[in-house]
Structures are given as structure tokens and as C-alpha cells.
2 protein chains.
Amino acid sequence: MLNQQTPLDLMFQALADPSRRFMVERLSRGPASVSELAKPLTMSLPAVVQHLQVLENSGLIRTEKVGRVRTCHIEWAAMQTAEQWMDERRKSWERRLDRLGEFLAEDGNQ
Amino acid sequence: MLNQQTPLDLMFQALADPSRRFMVERLSRGPASVSELAKPLTMSLPAVVQHLQVLENSGLIRTEKVGRVRTCHIEWAAMQTAEQWMDERRKSWERRLDRLGEFLAEDGNQ
């Protein structure tokens, strides 16, 4: 398959860590500064920054620096790409169940 | 944060690979044997088996062996756990937009 990582690879990889999901959960309620995000986490600021870089590289968040404060925002369009992939799988699965149900109903009528 | 991997960590980690997503896409259309899953992939059978083990360990699929054939099934309940996490973030984000909209409407009426 592909050797280079696709956007979906990077997004799911970014979400595969509880600290990063915690950050995304916080940012889905509104933008926050790096220090606000770090406050409830029991880790060093450099570790927080590293996690934020993984999230930013995946496209799930963007950050902007005004003066000395870096603010993080969720990128909802990117989150939707990952959600859409899961949604398509669910629809595919539901279609299969529908077909199975129709088959069983027809089979029962014979 | 946590040192041991949670079910969500394992699920998102499992989905962070295009070959494994390809397998999940195939299985969301119905069960398949290991050799059926391997057929369209340009990789060795041991590599396919390794990817399937990652998917099985994450809970996203289960496999059963009857005679010499191992059949893989998607575990939709596990997929829903990951989908639900994304869905909750989206709702949180939508609530924020609603509040922002109400605030701006009130602000405009003053």
C-alpha cells in the first residue's frame, strides 16, 4: 500500500492518545491557549507542545501566536473527514443488514 | 495521563493505517476469509495476518477458524465507540456555535 502517510493516517494517529483526545475535547468547546490546555494535564509544557504539534501536523487543530500567547483552535473540517470515513463504514454495514433483512423476509414468504 | 492503552487508543491506532482501513472497508460489506482480504493487497500473507491481529486486538474485528479457514467479521459495537467519541466532539462544537449565534443575535438587538 502507500508508503507516505495520508491525512486520515495522521488524524487517527493523532487521536490514538488520551492526552491528545483530552486536548481535542477541550478545544471542541472553544479555542484555548497552550497554558490553558496544559493546566489540567500532569505533564511538562514541552510534552504538551509536542502533543499539540502532532495534532497540528494532522490538521485537526491550528494554532496562532499573538504577542506571547499561542492560541489553539479545532479545525472542524478535518475532524469531519475522519468522522465521514466512519460514517461511510456504518452506512455500508447498515445496507448489508437491510439486504440481509430483505433476504430473510423473502425467504420466510416462500 | 494513562500509561496503559485504552480501547479508544487501540481503535484509533488500528485505523491509522491505510491497509487496515482497507480491510475494515471490506469487512463492513460482510465477513471475509483472510485470503479474500489479502487478495487485493500487495503484501505478504504474514503482513496481512499481522494487520489483522492489530485490528483484532483493538476489538474492531473478530476472527473465527472453521477447519482451515479463518473468517473475519467487523465488530460494529466497537466501531460505534470510536464513532460516538467523534460525534460527542461534533455536538460540543455545534452547541458552541449555537451559543455564539444567540450571543450575536442578542448583541444585534441591543
# chains A, B, ... in the order shown; residues from 1 in each chain; ligands from 1
call {"tool": "interface_residues", "arguments": {"of": "chain A", "to": "chain B", "cutoff": "6 Å", "atoms": "only C-alpha atoms", "output": "list in words"}}
result
Asp9, Phe12, Gln13, Ala16, Asp17, Ser28, Arg29, Arg89, Ser92 and Trp93 of chain A
call {"tool": "write_last_selection", "arguments": {"atoms": "all heavy atoms", "output": "PDB file, in the first residue's frame"}}
result
ATOM      1  N   ASP A   9      -4.458   8.798   8.020  1.00  0.00           N
ATOM      2  CA  ASP A   9      -3.449   8.146   8.876  1.00  0.00           C
ATOM      3  C   ASP A   9      -3.059   9.090  10.006  1.00  0.00           C
ATOM      4  O   ASP A   9      -3.037   8.703  11.174  1.00  0.00           O
ATOM      5  CB  ASP A   9      -2.155   7.849   8.100  1.00  0.00           C
ATOM      6  CG  ASP A   9      -2.333   6.808   7.003  1.00  0.00           C
ATOM      7  OD1 ASP A   9      -3.416   6.227   6.916  1.00  0.00           O
ATOM      8  OD2 ASP A   9      -1.382   6.604   6.234  1.00  0.00           O
ATOM      9  N   PHE A  12      -6.068   9.786  12.583  1.00  0.00           N
ATOM     10  CA  PHE A  12      -6.345   8.677  13.508  1.00  0.00           C
ATOM     11  C   PHE A  12      -5.154   8.469  14.451  1.00  0.00           C
ATOM     12  O   PHE A  12      -5.339   8.190  15.629  1.00  0.00           O
ATOM     13  CB  PHE A  12      -6.695   7.394  12.740  1.00  0.00           C
ATOM     14  CG  PHE A  12      -8.095   7.386  12.176  1.00  0.00           C
ATOM     15  CD1 PHE A  12      -8.339   7.080  10.849  1.00  0.00           C
ATOM     16  CD2 PHE A  12      -9.181   7.670  12.994  1.00  0.00           C
ATOM     17  CE1 PHE A  12      -9.632   7.064  10.325  1.00  0.00           C
ATOM     18  CE2 PHE A  12     -10.489   7.664  12.478  1.00  0.00           C
ATOM     19  CZ  PHE A  12     -10.705   7.357  11.154  1.00  0.00           C
ATOM     20  N   GLN A  13      -3.933   8.630  13.914  1.00  0.00           N
ATOM     21  CA  GLN A  13      -2.735   8.516  14.751  1.00  0.00           C
ATOM     22  C   GLN A  13      -2.777   9.576  15.872  1.00  0.00           C
ATOM     23  O   GLN A  13      -2.492   9.280  17.029  1.00  0.00           O
ATOM     24  CB  GLN A  13      -1.494   8.719  13.869  1.00  0.00           C
ATOM     25  CG  GLN A  13      -0.174   8.569  14.598  1.00  0.00           C
ATOM     26  CD  GLN A  13       0.027   7.171  15.166  1.00  0.00           C
ATOM     27  OE1 GLN A  13       0.056   6.200  14.442  1.00  0.00           O
ATOM     28  NE2 GLN A  13       0.146   7.064  16.473  1.00  0.00           N
ATOM     29  N   ALA A  16      -5.094   8.701  18.676  1.00  0.00           N
ATOM     30  CA  ALA A  16      -4.796   7.436  19.382  1.00  0.00           C
ATOM     31  C   ALA A  16      -4.046   7.672  20.697  1.00  0.00           C
ATOM     32  O   ALA A  16      -3.345   6.794  21.170  1.00  0.00           O
ATOM     33  CB  ALA A  16      -4.001   6.510  18.470  1.00  0.00           C
ATOM     34  N   ASP A  17      -4.195   8.840  21.270  1.00  0.00           N
ATOM     35  CA  ASP A  17      -3.512   9.150  22.532  1.00  0.00           C
ATOM     36  C   ASP A  17      -4.487   9.894  23.453  1.00  0.00           C
ATOM     37  O   ASP A  17      -5.106  10.883  23.028  1.00  0.00           O
ATOM     38  CB  ASP A  17      -2.280  10.022  22.229  1.00  0.00           C
ATOM     39  CG  ASP A  17      -1.572  10.425  23.491  1.00  0.00           C
ATOM     40  OD1 ASP A  17      -1.994  11.421  24.122  1.00  0.00           O
ATOM     41  OD2 ASP A  17      -0.613   9.731  23.886  1.00  0.00           O
ATOM     42  N   SER A  28     -12.935  21.479  21.419  1.00  0.00           N
ATOM     43  CA  SER A  28     -14.255  21.417  20.770  1.00  0.00           C
ATOM     44  C   SER A  28     -15.258  22.296  21.528  1.00  0.00           C
ATOM     45  O   SER A  28     -16.346  22.570  21.023  1.00  0.00           O
ATOM     46  CB  SER A  28     -14.748  19.968  20.652  1.00  0.00           C
ATOM     47  OG  SER A  28     -15.041  19.438  21.920  1.00  0.00           O
ATOM     48  N   ARG A  29     -14.878  22.723  22.743  1.00  0.00           N
ATOM     49  CA  ARG A  29     -15.737  23.668  23.476  1.00  0.00           C
ATOM     50  C   ARG A  29     -15.317  25.115  23.241  1.00  0.00           C
ATOM     51  O   ARG A  29     -15.939  26.034  23.756  1.00  0.00           O
ATOM     52  CB  ARG A  29     -15.711  23.340  24.978  1.00  0.00           C
ATOM     53  CG  ARG A  29     -16.278  21.965  25.309  1.00  0.00           C
ATOM     54  CD  ARG A  29     -16.616  21.831  26.788  1.00  0.00           C
ATOM     55  NE  ARG A  29     -15.446  21.984  27.635  1.00  0.00           N
ATOM     56  CZ  ARG A  29     -14.605  20.973  27.964  1.00  0.00           C
ATOM     57  NH1 ARG A  29     -14.836  19.770  27.531  1.00  0.00           N
ATOM     58  NH2 ARG A  29     -13.564  21.189  28.741  1.00  0.00           N
ATOM     59  N   ARG A  89     -18.545   3.718   6.664  1.00  0.00           N
ATOM     60  CA  ARG A  89     -18.461   2.297   7.042  1.00  0.00           C
ATOM     61  C   ARG A  89     -19.785   1.859   7.658  1.00  0.00           C
ATOM     62  O   ARG A  89     -20.279   0.771   7.407  1.00  0.00           O
ATOM     63  CB  ARG A  89     -17.336   2.043   8.048  1.00  0.00           C
ATOM     64  CG  ARG A  89     -15.934   2.433   7.607  1.00  0.00           C
ATOM     65  CD  ARG A  89     -15.423   1.605   6.456  1.00  0.00           C
ATOM     66  NE  ARG A  89     -15.954   1.923   5.155  1.00  0.00           N
ATOM     67  CZ  ARG A  89     -15.691   3.016   4.438  1.00  0.00           C
ATOM     68  NH1 ARG A  89     -14.943   3.974   4.910  1.00  0.00           N
ATOM     69  NH2 ARG A  89     -16.224   3.178   3.249  1.00  0.00           N
ATOM     70  N   SER A  92     -22.444   1.415   5.039  1.00  0.00           N
ATOM     71  CA  SER A  92     -22.167   0.195   4.291  1.00  0.00           C
ATOM     72  C   SER A  92     -22.663  -1.021   5.085  1.00  0.00           C
ATOM     73  O   SER A  92     -23.287  -1.937   4.542  1.00  0.00           O
ATOM     74  CB  SER A  92     -20.657   0.118   4.059  1.00  0.00           C
ATOM     75  OG  SER A  92     -20.294  -1.070   3.450  1.00  0.00           O
ATOM     76  N   TRP A  93     -22.403  -0.990   6.392  1.00  0.00           N
ATOM     77  CA  TRP A  93     -22.825  -2.061   7.293  1.00  0.00           C
ATOM     78  C   TRP A  93     -24.350  -2.118   7.391  1.00  0.00           C
ATOM     79  O   TRP A  93     -24.960  -3.197   7.346  1.00  0.00           O
ATOM     80  CB  TRP A  93     -22.202  -1.796   8.663  1.00  0.00           C
ATOM     81  CG  TRP A  93     -22.541  -2.799   9.716  1.00  0.00           C
ATOM     82  CD1 TRP A  93     -23.327  -2.578  10.815  1.00  0.00           C
ATOM     83  CD2 TRP A  93     -22.120  -4.156   9.796  1.00  0.00           C
ATOM     84  NE1 TRP A  93     -23.411  -3.712  11.567  1.00  0.00           N
ATOM     85  CE2 TRP A  93     -22.683  -4.707  10.961  1.00  0.00           C
ATOM     86  CE3 TRP A  93     -21.321  -4.963   8.994  1.00  0.00           C
ATOM     87  CZ2 TRP A  93     -22.474  -6.026  11.351  1.00  0.00           C
ATOM     88  CZ3 TRP A  93     -21.115  -6.282   9.371  1.00  0.00           C
ATOM     89  CH2 TRP A  93     -21.691  -6.793  10.535  1.00  0.00           C
TER      90      TRP A  93
END
call {"tool": "select_by_dssp", "arguments": {"residues": "chain A", "states": "alpha helix (DSSP H)", "output": "PyMOL selection string"}}
result
chain A and resi 7-15+18-27+34-38+45-58+76-109
call {"tool": "select_by_dssp", "arguments": {"residues": "chain A", "states": "strand (DSSP E)", "output": "ChimeraX atom specification"}}
result
/A:32-33,61-66,69-74
call {"tool": "write_last_selection", "arguments": {"atoms": "N, CA and C atoms", "output": "compact mmCIF listing (two decimals), in the first residue's frame"}}
result
# COMPACT_ATOMS: atom_id res chain seq x y z
N ALA A 32 -8.37 27.75 23.01
CA ALA A 32 -7.68 27.84 24.30
C ALA A 32 -6.20 28.10 24.06
N SER A 33 -5.56 28.77 25.02
CA SER A 33 -4.12 28.99 24.92
C SER A 33 -3.40 27.71 25.31
N ILE A 61 -6.04 20.54 14.43
CA ILE A 61 -6.09 21.86 15.08
C ILE A 61 -5.18 22.82 14.32
N ARG A 62 -5.41 24.11 14.55
CA ARG A 62 -4.45 25.12 14.07
C ARG A 62 -4.11 25.99 15.27
N THR A 63 -2.93 26.60 15.22
CA THR A 63 -2.55 27.48 16.32
C THR A 63 -2.13 28.83 15.74
N GLU A 64 -2.33 29.87 16.51
CA GLU A 64 -1.87 31.19 16.07
C GLU A 64 -1.26 31.90 17.27
N LYS A 65 -0.19 32.64 17.01
CA LYS A 65 0.51 33.32 18.10
C LYS A 65 0.27 34.82 17.98
N VAL A 66 -0.27 35.39 19.05
CA VAL A 66 -0.43 36.84 19.10
C VAL A 66 0.35 37.32 20.32
N VAL A 69 1.29 34.88 23.39
CA VAL A 69 0.29 33.82 23.63
C VAL A 69 -0.03 33.05 22.34
N ARG A 70 0.12 31.73 22.39
CA ARG A 70 -0.27 30.88 21.26
C ARG A 70 -1.65 30.28 21.57
N THR A 71 -2.61 30.55 20.68
CA THR A 71 -3.97 30.05 20.89
C THR A 71 -4.24 28.90 19.91
N CYS A 72 -4.92 27.87 20.43
CA CYS A 72 -5.23 26.67 19.62
C CYS A 72 -6.72 26.64 19.29
N HIS A 73 -7.01 26.28 18.06
CA HIS A 73 -8.39 26.18 17.57
C HIS A 73 -8.58 24.81 16.95
N ILE A 74 -9.77 24.24 17.11
CA ILE A 74 -10.06 22.98 16.43
C ILE A 74 -10.34 23.29 14.95
call {"tool": "atom_distance", "arguments": {"atom1": "atom CA of A:Ala78", "atom2": "atom CA of A:Pro31"}}
result
15.8 Å
